[in-house]
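S.K.: So here's entry37.tsv (TSV, C-alpha atoms and all ligand atoms).
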```tsv
chain	number	residue	atom	x	y	z
A	1	MET	CA	15.33	-5.26	-18.58
A	2	ARG	CA	18.12	-5.61	-16.08
A	3	TYR	CA	20.27	-8.66	-15.55
A	4	GLY	CA	21.68	-9.10	-12.10
A	5	SER	CA	19.32	-6.66	-10.42
A	6	ARG	CA	16.03	-7.84	-9.05
A	7	HIS	CA	13.17	-7.05	-6.73
A	8	LEU	CA	12.98	-10.30	-4.83
A	9	ILE	CA	9.61	-10.86	-3.21
A	10	ASP	CA	9.43	-13.48	-0.50
A	11	LEU	CA	5.91	-14.85	-0.28
A	12	ASN	CA	6.70	-16.69	2.94
A	13	LEU	CA	7.28	-13.31	4.54
A	14	LEU	CA	3.93	-12.09	3.22
A	15	GLU	CA	2.38	-15.11	4.92
A	16	GLU	CA	4.25	-14.33	8.15
A	17	ASN	CA	2.99	-10.76	8.05
A	18	TYR	CA	-0.55	-11.93	7.46
A	19	LEU	CA	-0.37	-14.32	10.41
A	20	LYS	CA	0.91	-11.46	12.54
A	21	LEU	CA	-1.96	-9.31	11.34
A	22	LYS	CA	-4.41	-12.05	12.31
A	23	LYS	CA	-2.90	-12.03	15.78
A	24	LEU	CA	-3.52	-8.29	16.09
A	25	CYS	CA	-7.10	-8.53	14.88
A	26	PRO	CA	-8.32	-12.12	15.03
A	27	SER	CA	-11.98	-11.28	14.61
A	28	ASN	CA	-11.71	-8.92	11.65
A	29	GLU	CA	-11.78	-9.99	8.05
A	30	ALA	CA	-9.11	-8.39	5.88
A	31	LEU	CA	-9.80	-6.33	2.81
A	32	PHE	CA	-6.26	-6.33	1.50
A	33	MET	CA	-5.30	-3.22	-0.43
A	34	VAL	CA	-3.45	-4.20	-3.59
A	35	LYS	CA	-3.80	-0.93	-5.46
A	36	ALA	CA	-0.85	0.52	-7.39
A	37	ASP	CA	0.41	-2.89	-8.46
A	38	ALA	CA	0.19	-4.19	-4.89
A	39	TYR	CA	2.31	-1.27	-3.73
A	40	GLY	CA	4.88	-2.17	-6.37
A	41	HIS	CA	5.02	-5.89	-5.54
A	42	GLY	CA	2.96	-7.19	-8.47
A	43	LEU	CA	-0.84	-7.04	-8.39
A	44	VAL	CA	-1.60	-10.45	-9.87
A	45	ASN	CA	1.02	-12.52	-8.05
A	46	ILE	CA	0.33	-10.97	-4.67
A	47	THR	CA	-3.43	-11.39	-5.03
A	48	ASP	CA	-3.14	-14.92	-6.35
A	49	PHE	CA	-0.99	-16.00	-3.41
A	50	SER	CA	-3.08	-14.12	-0.86
A	51	TYR	CA	-6.31	-15.69	-2.05
A	52	ASN	CA	-5.14	-19.21	-2.76
A	53	GLU	CA	-2.58	-19.71	-0.01
A	54	LEU	CA	-3.60	-17.25	2.70
A	55	GLY	CA	-7.35	-17.43	2.21
A	56	ILE	CA	-7.87	-13.68	1.97
A	57	LYS	CA	-11.17	-13.08	0.19
A	58	ASN	CA	-11.41	-9.32	-0.30
A	59	PHE	CA	-9.09	-7.09	-2.28
A	60	GLY	CA	-9.00	-3.35	-2.84
A	61	CYS	CA	-7.92	-1.73	-6.11
A	62	ALA	CA	-7.81	1.95	-6.92
A	63	THR	CA	-8.95	1.72	-10.51
A	64	ILE	CA	-11.35	-0.27	-12.62
A	65	GLY	CA	-8.37	-1.17	-14.81
A	66	GLU	CA	-6.59	-2.87	-11.91
A	67	ALA	CA	-9.75	-4.73	-10.96
A	68	LEU	CA	-10.32	-5.96	-14.51
A	69	LYS	CA	-6.75	-7.13	-14.71
A	70	LEU	CA	-7.28	-9.26	-11.62
A	71	ARG	CA	-10.38	-10.85	-13.10
A	72	GLU	CA	-8.73	-11.41	-16.47
A	73	GLU	CA	-5.64	-13.03	-15.05
A	74	LEU	CA	-7.13	-14.91	-12.14
A	75	GLY	CA	-10.57	-15.62	-13.54
A	76	GLY	CA	-13.90	-16.32	-11.91
A	77	GLU	CA	-15.60	-14.45	-9.12
A	78	ARG	CA	-14.05	-16.37	-6.32
A	79	PHE	CA	-12.82	-13.33	-4.42
A	80	GLU	CA	-14.25	-9.86	-4.00
A	81	VAL	CA	-12.69	-6.86	-5.63
A	82	TYR	CA	-13.51	-3.32	-4.56
A	83	VAL	CA	-12.68	-0.34	-6.74
A	84	PHE	CA	-11.91	2.65	-4.57
A	85	SER	CA	-11.16	5.84	-6.43
A	86	ASP	CA	-11.06	5.80	-10.23
A	87	ILE	CA	-14.34	3.92	-10.61
A	88	GLN	CA	-15.60	5.22	-13.99
A	89	LEU	CA	-19.02	3.83	-13.13
A	90	GLN	CA	-20.93	5.83	-15.67
A	91	LEU	CA	-18.97	4.76	-18.73
A	92	GLN	CA	-21.12	2.11	-20.33
A	93	ASN	CA	-18.54	-0.58	-20.87
A	94	TYR	CA	-17.34	-0.17	-17.31
A	95	SER	CA	-20.77	-0.23	-15.69
A	96	GLU	CA	-21.29	-3.51	-17.51
A	97	ALA	CA	-17.93	-4.75	-16.27
A	98	TYR	CA	-18.93	-4.12	-12.66
A	99	LEU	CA	-21.99	-6.26	-13.18
A	100	ASP	CA	-20.45	-9.00	-15.30
A	101	GLN	CA	-17.33	-9.39	-13.23
A	102	ARG	CA	-18.92	-8.54	-9.90
A	103	LEU	CA	-16.54	-5.73	-9.06
A	104	ILE	CA	-17.76	-3.53	-6.24
A	105	PRO	CA	-17.57	0.21	-6.87
A	106	VAL	CA	-16.99	2.22	-3.70
A	107	LEU	CA	-19.60	4.98	-4.08
A	108	THR	CA	-18.44	8.34	-2.78
A	109	ASN	CA	-20.71	10.95	-4.40
A	110	PHE	CA	-24.34	11.58	-5.35
A	111	ASP	CA	-23.65	11.50	-9.08
A	112	ASP	CA	-22.49	7.92	-8.93
A	113	LEU	CA	-25.07	6.96	-6.30
A	114	ASN	CA	-27.93	8.31	-8.44
A	115	PHE	CA	-26.64	6.52	-11.48
A	116	PHE	CA	-26.30	3.30	-9.50
A	117	LEU	CA	-29.79	3.54	-8.03
A	118	ASN	CA	-31.45	4.50	-11.31
A	119	GLU	CA	-30.00	1.70	-13.41
A	120	ALA	CA	-32.27	-1.29	-13.00
A	121	CYS	CA	-29.38	-3.67	-13.60
A	122	PHE	CA	-27.84	-2.60	-10.27
A	123	ASN	CA	-31.08	-3.31	-8.37
A	124	HIS	CA	-29.70	-6.33	-6.62
A	125	PHE	CA	-26.09	-5.30	-6.62
A	126	PRO	CA	-24.33	-4.68	-3.28
A	127	ILE	CA	-24.09	-1.06	-2.18
A	128	CYS	CA	-20.76	0.07	-0.83
A	129	LEU	CA	-20.61	3.61	0.56
A	130	LYS	CA	-17.63	5.61	1.71
A	131	PHE	CA	-18.17	8.62	3.93
A	132	ASN	CA	-15.88	11.58	4.40
A	133	THR	CA	-15.60	11.98	8.15
A	134	GLY	CA	-12.93	14.66	8.00
A	135	MET	CA	-10.30	13.58	5.51
A	136	ASN	CA	-11.85	15.85	2.89
A	137	ARG	CA	-10.89	13.82	-0.11
A	138	LEU	CA	-13.54	11.49	-1.53
A	139	GLY	CA	-16.70	10.44	0.23
A	140	PHE	CA	-20.20	11.60	1.11
A	141	ASN	CA	-19.82	14.29	3.70
A	142	TRP	CA	-20.80	13.11	7.18
A	143	THR	CA	-23.34	15.92	7.25
A	144	GLU	CA	-25.06	14.39	4.19
A	145	VAL	CA	-25.98	11.11	5.80
A	146	GLU	CA	-29.66	12.03	5.94
A	147	ALA	CA	-29.74	12.83	2.26
A	148	VAL	CA	-27.99	9.56	1.46
A	149	ALA	CA	-30.52	7.67	3.59
A	150	GLN	CA	-33.43	9.40	1.83
A	151	LYS	CA	-32.02	8.56	-1.55
A	152	LEU	CA	-31.60	4.88	-0.71
A	153	LYS	CA	-35.04	4.63	0.84
A	154	SER	CA	-36.70	6.33	-2.12
A	155	LYS	CA	-35.38	3.46	-4.24
A	156	GLY	CA	-36.41	0.82	-1.75
A	157	ARG	CA	-32.88	-0.10	-0.78
A	158	LYS	CA	-32.62	-1.06	2.88
A	159	LYS	CA	-29.35	-2.91	2.85
A	160	ILE	CA	-25.88	-1.46	2.81
A	161	TYR	CA	-23.29	-4.06	1.96
A	162	HIS	CA	-20.23	-2.20	3.15
A	163	LEU	CA	-20.01	1.14	4.92
A	164	MET	CA	-16.59	2.69	5.29
A	165	THR	CA	-14.55	5.78	5.99
A	166	HIS	CA	-10.83	6.52	5.84
A	167	PHE	CA	-8.49	8.27	8.28
A	168	ALA	CA	-6.55	11.37	7.25
A	169	CYS	CA	-3.94	11.00	10.01
A	170	ALA	CA	-3.59	7.29	10.70
A	171	SER	CA	0.19	7.67	10.92
A	172	GLN	CA	-0.39	9.77	14.02
A	173	SER	CA	-1.78	8.89	17.41
A	174	MET	CA	-5.26	7.40	17.32
A	175	PHE	CA	-5.73	8.55	20.90
A	176	LYS	CA	-4.18	12.01	21.08
A	177	ASN	CA	-4.81	13.35	17.62
A	178	LYS	CA	-8.08	15.29	17.63
A	179	ARG	CA	-8.81	14.67	13.96
A	180	ASN	CA	-8.61	10.94	14.45
A	181	ASN	CA	-10.96	11.09	17.41
A	182	ASP	CA	-13.38	13.31	15.50
A	183	GLN	CA	-13.38	10.90	12.57
A	184	ARG	CA	-14.08	7.91	14.80
A	185	GLU	CA	-16.97	9.72	16.48
A	186	ARG	CA	-18.47	10.83	13.19
A	187	PHE	CA	-18.30	7.32	11.78
A	188	ASP	CA	-20.07	6.00	14.87
A	189	GLU	CA	-22.77	8.61	14.43
A	190	ILE	CA	-23.24	7.68	10.77
A	191	LYS	CA	-23.64	4.01	11.67
A	192	LYS	CA	-26.04	4.80	14.47
A	193	PHE	CA	-28.15	7.07	12.31
A	194	LEU	CA	-28.41	4.62	9.44
A	195	ARG	CA	-29.28	1.73	11.74
A	196	ALA	CA	-31.90	3.86	13.49
A	197	GLU	CA	-33.36	4.55	10.06
A	198	GLY	CA	-33.78	0.84	9.60
A	199	PHE	CA	-30.85	0.08	7.34
A	200	GLU	CA	-29.15	-3.25	7.62
A	201	ILE	CA	-25.41	-2.73	7.39
A	202	GLU	CA	-23.61	-5.94	6.61
A	203	ARG	CA	-19.99	-4.87	6.80
A	204	THR	CA	-18.12	-1.87	8.12
A	205	SER	CA	-14.49	-0.78	8.08
A	206	ILE	CA	-12.46	2.23	9.13
A	207	SER	CA	-8.87	1.14	9.71
A	208	ASN	CA	-5.90	1.14	7.40
A	209	SER	CA	-2.42	0.11	8.57
A	210	GLY	CA	-1.71	3.04	10.88
A	211	ALA	CA	-4.93	2.48	12.82
A	212	ILE	CA	-4.61	-1.30	12.89
A	213	GLU	CA	-1.09	-0.95	14.27
A	214	GLN	CA	-2.63	0.98	17.14
A	215	LEU	CA	-5.40	-1.61	17.53
A	216	VAL	CA	-8.08	0.88	16.56
A	217	GLY	CA	-11.21	0.21	14.56
A	218	LEU	CA	-11.28	-3.48	15.43
A	219	GLU	CA	-14.93	-3.27	16.47
A	220	GLU	CA	-15.79	-3.09	12.76
A	221	SER	CA	-16.26	-6.28	10.76
A	222	HIS	CA	-13.36	-5.54	8.40
A	223	VAL	CA	-9.94	-3.93	8.36
A	224	ARG	CA	-8.24	-2.55	5.26
A	225	PRO	CA	-4.50	-3.14	5.60
A	226	GLY	CA	-2.17	-2.00	2.85
A	227	LEU	CA	1.36	-1.01	3.74
A	228	MET	CA	1.78	-3.21	6.82
A	229	MET	CA	1.23	-6.36	4.80
A	230	TYR	CA	4.30	-5.46	2.75
A	231	GLY	CA	6.26	-4.96	5.96
A	232	PRO	CA	6.76	-1.37	7.07
A	233	SER	CA	5.01	0.43	9.86
A	234	SER	CA	3.23	3.56	8.71
A	235	LEU	CA	3.46	5.42	12.00
A	236	ILE	CA	5.60	8.55	12.19
A	237	PRO	CA	9.05	7.87	13.72
A	238	GLN	CA	8.12	9.64	16.98
A	239	LEU	CA	5.33	7.11	17.45
A	240	SER	CA	7.34	4.05	16.50
A	241	GLU	CA	7.24	2.75	20.06
A	242	LYS	CA	3.46	2.80	20.10
A	243	THR	CA	3.08	0.37	17.26
A	244	HIS	CA	1.97	-3.21	17.79
A	245	TRP	CA	3.38	-4.08	14.39
A	246	ASP	CA	6.61	-5.96	13.84
A	247	GLY	CA	6.28	-7.03	10.24
A	248	LYS	CA	9.17	-7.88	7.95
A	249	ILE	CA	9.78	-6.21	4.61
A	250	ILE	CA	8.57	-8.85	2.16
A	251	SER	CA	10.97	-7.81	-0.58
A	252	SER	CA	14.61	-7.14	-1.03
A	253	LEU	CA	16.16	-5.04	-3.73
A	254	GLU	CA	19.29	-6.70	-5.06
A	255	THR	CA	21.89	-5.67	-7.56
A	256	TYR	CA	25.60	-6.24	-8.14
A	257	VAL	CA	28.84	-4.30	-8.16
A	258	ILE	CA	30.01	-3.28	-11.63
A	259	LYS	CA	33.33	-1.74	-10.59
A	260	VAL	CA	35.33	-0.75	-7.50
A	261	PHE	CA	38.08	1.90	-7.22
A	262	ASP	CA	39.94	3.76	-4.50
A	263	VAL	CA	39.41	7.48	-4.01
A	264	LYS	CA	41.05	10.22	-1.98
A	265	LYS	CA	38.97	12.73	-0.07
A	266	GLY	CA	37.65	15.37	-2.48
A	267	TRP	CA	38.04	13.27	-5.62
A	268	PRO	CA	35.38	14.04	-8.20
A	269	VAL	CA	33.08	11.19	-9.19
A	270	GLY	CA	30.47	10.97	-11.91
A	271	TYR	CA	28.16	13.66	-13.26
A	272	GLY	CA	28.81	17.09	-11.89
A	273	ALA	CA	32.24	15.86	-10.74
A	274	THR	CA	30.91	15.70	-7.21
A	275	PRO	CA	33.78	15.47	-4.70
A	276	VAL	CA	33.65	12.49	-2.34
A	277	PRO	CA	33.51	13.49	1.34
A	278	GLU	CA	36.08	10.94	2.56
A	279	GLU	CA	38.85	8.76	1.29
A	280	GLY	CA	37.74	5.19	0.66
A	281	LYS	CA	36.48	2.80	-1.96
A	282	VAL	CA	33.76	3.62	-4.44
A	283	ALA	CA	31.55	0.77	-5.61
A	284	ILE	CA	29.48	1.36	-8.71
A	285	ILE	CA	26.19	-0.51	-8.41
A	286	ALA	CA	23.88	-1.42	-11.27
A	287	LEU	CA	20.86	0.62	-10.27
A	288	GLY	CA	19.92	4.16	-11.21
A	289	TYR	CA	16.87	6.34	-11.44
A	290	GLY	CA	15.83	4.50	-14.61
A	291	ASP	CA	15.22	1.57	-12.30
A	292	GLY	CA	13.44	3.63	-9.67
A	293	PHE	CA	16.56	4.02	-7.58
A	294	SER	CA	15.66	7.65	-7.24
A	295	THR	CA	18.00	10.59	-6.86
A	296	ARG	CA	16.68	10.75	-3.31
A	297	PHE	CA	18.94	7.81	-2.47
A	298	THR	CA	21.88	10.24	-2.44
A	299	GLY	CA	23.26	10.31	1.09
A	300	THR	CA	21.48	7.17	2.27
A	301	GLN	CA	23.35	4.47	4.09
A	302	LEU	CA	23.63	1.12	2.30
A	303	ASN	CA	25.54	-1.71	3.89
A	304	PHE	CA	27.83	-4.37	2.56
A	305	ASN	CA	28.02	-7.07	5.22
A	306	GLU	CA	28.97	-5.12	8.34
A	307	TYR	CA	30.48	-2.22	6.37
A	308	LYS	CA	28.53	1.00	6.12
A	309	GLY	CA	28.43	2.68	2.74
A	310	THR	CA	26.98	6.00	1.64
A	311	VAL	CA	25.50	6.83	-1.74
A	312	VAL	CA	27.70	9.66	-3.04
A	313	GLY	CA	27.60	11.97	-6.04
A	314	ARG	CA	24.67	11.98	-8.39
A	315	VAL	CA	22.51	8.96	-8.97
A	316	ASN	CA	22.74	8.18	-12.71
A	317	MET	CA	20.10	6.73	-14.96
A	318	ASP	CA	21.51	3.23	-14.76
A	319	MET	CA	24.12	3.18	-11.99
A	320	SER	CA	25.08	4.80	-8.70
A	321	GLN	CA	28.18	5.25	-6.56
A	322	VAL	CA	28.48	3.97	-3.00
A	323	LEU	CA	31.45	5.03	-0.87
A	324	PHE	CA	32.91	2.50	1.61
A	325	PRO	CA	35.83	2.62	4.02
A	326	SER	CA	39.13	1.57	2.44
A	327	ASN	CA	39.24	-1.71	4.36
A	328	CYS	CA	35.88	-2.91	3.01
A	329	PRO	CA	36.43	-6.09	0.97
A	330	ILE	CA	33.75	-5.26	-1.61
A	331	LYS	CA	34.77	-6.22	-5.14
A	332	GLU	CA	33.59	-6.35	-8.71
A	333	GLY	CA	30.78	-8.86	-9.27
A	334	ASP	CA	29.66	-8.96	-5.62
A	335	LYS	CA	25.96	-9.14	-4.92
A	336	PHE	CA	24.73	-5.91	-3.37
A	337	THR	CA	21.54	-5.58	-1.36
A	338	VAL	CA	19.88	-2.18	-1.12
A	339	TRP	CA	17.22	-3.26	1.35
A	340	ASN	CA	16.17	-6.57	2.80
A	341	GLU	CA	13.60	-7.81	5.29
A	342	ASN	CA	14.94	-5.58	8.09
A	343	PRO	CA	12.32	-2.89	8.72
A	344	ALA	CA	14.65	-0.70	10.79
A	345	HIS	CA	17.05	-0.26	7.88
A	346	PHE	CA	14.19	0.27	5.44
A	347	ASN	CA	12.66	2.96	7.65
A	348	GLN	CA	16.02	4.63	8.02
A	349	LEU	CA	16.32	4.76	4.23
A	350	CYS	CA	12.90	6.35	3.88
A	351	GLU	CA	13.64	8.92	6.55
A	352	LYS	CA	16.92	9.92	4.97
A	353	MET	CA	15.18	10.16	1.60
A	354	GLU	CA	12.50	12.32	3.19
A	355	THR	CA	9.85	10.16	1.67
A	356	ILE	CA	7.45	7.42	2.69
A	357	PRO	CA	7.79	3.64	2.31
A	358	TYR	CA	4.82	3.63	-0.09
A	359	GLU	CA	6.73	5.73	-2.58
A	360	VAL	CA	10.01	3.84	-2.27
A	361	PHE	CA	8.28	0.57	-3.21
A	362	ILE	CA	6.15	2.02	-5.93
A	363	GLN	CA	8.82	3.91	-7.78
A	364	LEU	CA	10.72	0.77	-8.82
A	365	THR	CA	10.31	0.45	-12.57
A	366	SER	CA	9.58	-2.58	-14.72
A	367	ARG	CA	13.26	-2.59	-15.69
A	368	VAL	CA	13.93	-4.37	-12.39
A	369	PRO	CA	12.41	-7.83	-12.71
A	370	LYS	CA	10.22	-9.04	-9.89
A	371	VAL	CA	11.18	-12.49	-8.74
A	372	TYR	CA	8.96	-14.43	-6.36
A	373	ARG	CA	10.32	-16.84	-3.81
A	374	LEU	CA	8.31	-19.46	-1.94
A	375	LYS	CA	9.82	-22.20	0.17
B	401	LIG	C1	-4.86	2.75	0.46
B	401	LIG	C2	-6.01	2.60	1.33
B	401	LIG	C3	-5.96	1.78	2.46
B	401	LIG	C4	-4.68	1.13	2.92
B	401	LIG	O1	-3.85	2.10	3.50
B	401	LIG	P1	-2.46	1.70	4.19
B	401	LIG	O2	-2.03	2.94	4.88
B	401	LIG	O3	-1.55	1.31	3.09
B	401	LIG	O4	-2.75	0.57	5.09
B	401	LIG	C5	-7.13	1.58	3.17
B	401	LIG	N1	-8.28	2.21	2.82
B	401	LIG	C6	-8.35	3.03	1.76
B	401	LIG	C7	-9.64	3.70	1.44
B	401	LIG	C8	-7.23	3.27	0.98
B	401	LIG	O5	-7.30	4.11	-0.05
```
How does the structure come out when it is put into structure tokens?

M.R.:
Amino acid sequence: MRYGSRHLIDLNLLEENYLKLKKLCPSNEALFMVKADAYGHGLVNITDFSYNELGIKNFGCATIGEALKLREELGGERFEVYVFSDIQLQLQNYSEAYLDQRLIPVLTNFDDLNFFLNEACFNHFPICLKFNTGMNRLGFNWTEVEAVAQKLKSKGRKKIYHLMTHFACASQSMFKNKRNNDQRERFDEIKKFLRAEGFEIERTSISNSGAIEQLVGLEESHVRPGLMMYGPSSLIPQLSEKTHWDGKIISSLETYVIKVFDVKKGWPVGYGATPVPEEGKVAIIALGYGDGFSTRFTGTQLNFNEYKGTVVGRVNMDMSQVLFPSNCPIKEGDKFTVWNENPAHFNQLCEKMETIPYEVFIQLTSRVPKVYRLK
């Protein structure tokens, strides 16, 4: 555990983001994706706040383990939990858990569907189906919709609780990208076909953050936001002007300065004796790759007040070096903020790191305590 470094999560900002989301899609209900420890922000705390304070009623996990943790820690069946990918439906203790805890498995293949339909205990349990409309990951293929319909009918099931699909390219244009258009058309065809076959479809959803930001998929009953709720836009930088999203990053990553010293251009610092590119002041900060401050942070710009710093040399396991101009007043013991609520700076970090916001959040380790703030 670290002292003096923390991942500070501002729940008021989560609320602000949710209110902004509601403005974008006032008539859609949110199925909030909290998989992967709520994208690194703490599964239980984020869900607890979102349900009790924001009134969100549907949550999406990736694994049965995450879903069970939510039930164990938050109790009851007051909100819905969907399990999206690692569903483990056919393991006996888990199939019982779905029933007992009312967790909804997202069915994506005939193996699981057959199992579900053949077990009498699931007779009255809601059916949630995900179709592959072109992403080619999980999901019943869009060409298999007839076979799926047959299967359901043969077991007397005429109701589909939630029908969904997922975009492969939601970070790209929903209007110009052919794949996105194809996926939207195929989903429409699936819905039409199933309704023509007499199925009652209670809920539908297609859009994750990238699509919601472009106001697409809002004709469905539900939207499935993940990343945007935590702040960042998920559109590619070239599309950043097309987004309707102006969320704030709900967390800041804070640490402190362990030591400051002056360097001349070319002076070696740290492992590998990496020469610094300029003369200036090196601040050693108390974060390294052991904390999830990955080696990709090398070369990124981190600011101290209005002074621009650059991460230089190698990132160590438990500390890193940031080079500032000589006139920067940074000193030992100062608080140092890696990112804050400003999405432009956060995006710039991700771009420089050649990675995506999802990964930057998620790679923080448990060594950095999460601290929640609520006014
Ligand atoms: C993760 C996920 C989402 C949320 O995606 P974001 O890009 O984070 O908004 C929505 N739907 C499914 C099926 C997912 O796996």

S.K.: Rank A:Arg137, A:Arg184, A:Arg224, A:Arg71 by their smallest atom-to-atom distance to Asn28 in chain A, using all atoms listed in the file, and report the top residue only.

M.R.: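 The answer is A:Arg224, which sits nearest to Asn28 in chain A.
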
S.K.: Which residues come within 6 Å of range 56-70 of chain A, counting only C-alpha atoms, excluding same-chain residues fewer than 4 positions away, as a list in words?

M.R.: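 Counting only C-alpha atoms, the residues come to Leu31, Phe32, Met33, Val34, Lys35, Ser50, Tyr51, Leu74, Phe79, Glu80, Val81, Tyr82, Val83, Phe84, Ser85, Asp86 and Ile87 of chain A.
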
S.K.: Suppose you want the space between CA of Leu99 in chain A and CA of Glu73 in chain A; what is it in Å?

M.R.: 17.8 Å

S.K.: Residues near Lys242 in chain A, anyone? I mean within 9 Å using all atoms listed in the file, not counting same-chain ones fewer than 2 positions away, as number ranges by chain.

M.R.: A: 173, 213-214, 235, 238-240, 244-245

S.K.: Quick one: pull the distance between CA of Phe115 in chain A and CA of Arg203 in chain A, Å, one decimal.

M.R.: 22.5 Å

S.K.: Compare A:Asn305, A:Thr255, A:Ser320, A:Asn123 by their minimum atom-to-atom distance to Lys335 in chain A, counting only C-alpha atoms, and give me the closest one.

M.R.: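 Of A:Asn305, A:Thr255, A:Ser320, A:Asn123, the one nearest Lys335 in chain A is A:Thr255, counting only C-alpha atoms.
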
S.K.: Please compute the CA of Phe261 in chain A-CA of Thr365 in chain A distance, one decimal, in Å.

M.R.: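 Pair CA of Phe261 in chain A / CA of Thr365 in chain A returns 28.3 Å.
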
S.K.: If we count only C-alpha atoms and set the cut-off at 6 Å, which residues sit around range 161-172 of chain A, ignoring sequence neighbours fewer than 3 positions away in its own chain? Please answer as a ChimeraX atom specification.

M.R.: /A:126-131,135,201-206,210-211,234-236

S.K.: If I wrap all listed atoms of ligand LIG 401 (chain B) in a box with edges along x, y and z and add 8 Å on each side, what are its centre and edge lengths in Å to one decimal, as JSON?

M.R.:
```
{"center_x": -5.6, "center_y": 2.3, "center_z": 2.5, "size_x": 24.1, "size_y": 19.5, "size_z": 21.1}
```

S.K.: Between A:Pro225, A:Pro232, A:Pro329, A:Gly280, which one has atoms that come closest to ligand LIG 401 (chain B), using only C-alpha atoms and all ligand atoms?

M.R.: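 The shortest atom-to-atom distance to ligand LIG 401 (chain B) comes from A:Pro225.
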
S.K.: Hey, which of A:Arg296, A:Lys20, A:Arg186, A:Arg195 ends up closest to Ile356 in chain A? Count only C-alpha atoms.

M.R.: A:Arg296

S.K.: When you count all atoms listed in the file, which of these residues is closest to ligand LIG 401 (chain B): A:Ile212, A:Leu194, A:Ala149, A:Leu8?

M.R.: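 The closest residue to ligand LIG 401 (chain B) is A:Ile212.
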
S.K.: Show me, as a ChimeraX atom specification, the residues that have an atom within 9 Å of Lys375 in chain A when counting all atoms listed in the file, minus same-chain residues fewer than 3 positions from it.

M.R.: /A:10-12

S.K.: Counting only C-alpha atoms, find the residues whose atoms lie at most 12 Å from (4.0, -11.3, 2.3) (file coordinates) and write them out as number ranges by chain.

M.R.: A: 8-21, 32, 34, 38-39, 41-42, 45-50, 53-54, 226-232, 247-252, 341, 372-374

S.K.: List the residues sitting within 9 Å of (-12.3, -11.1, 19.6) in the file's frame, using only C-alpha atoms, as a list of chain:residue names.

M.R.: A:Cys25, A:Pro26, A:Ser27, A:Asn28, A:Leu218, A:Glu219
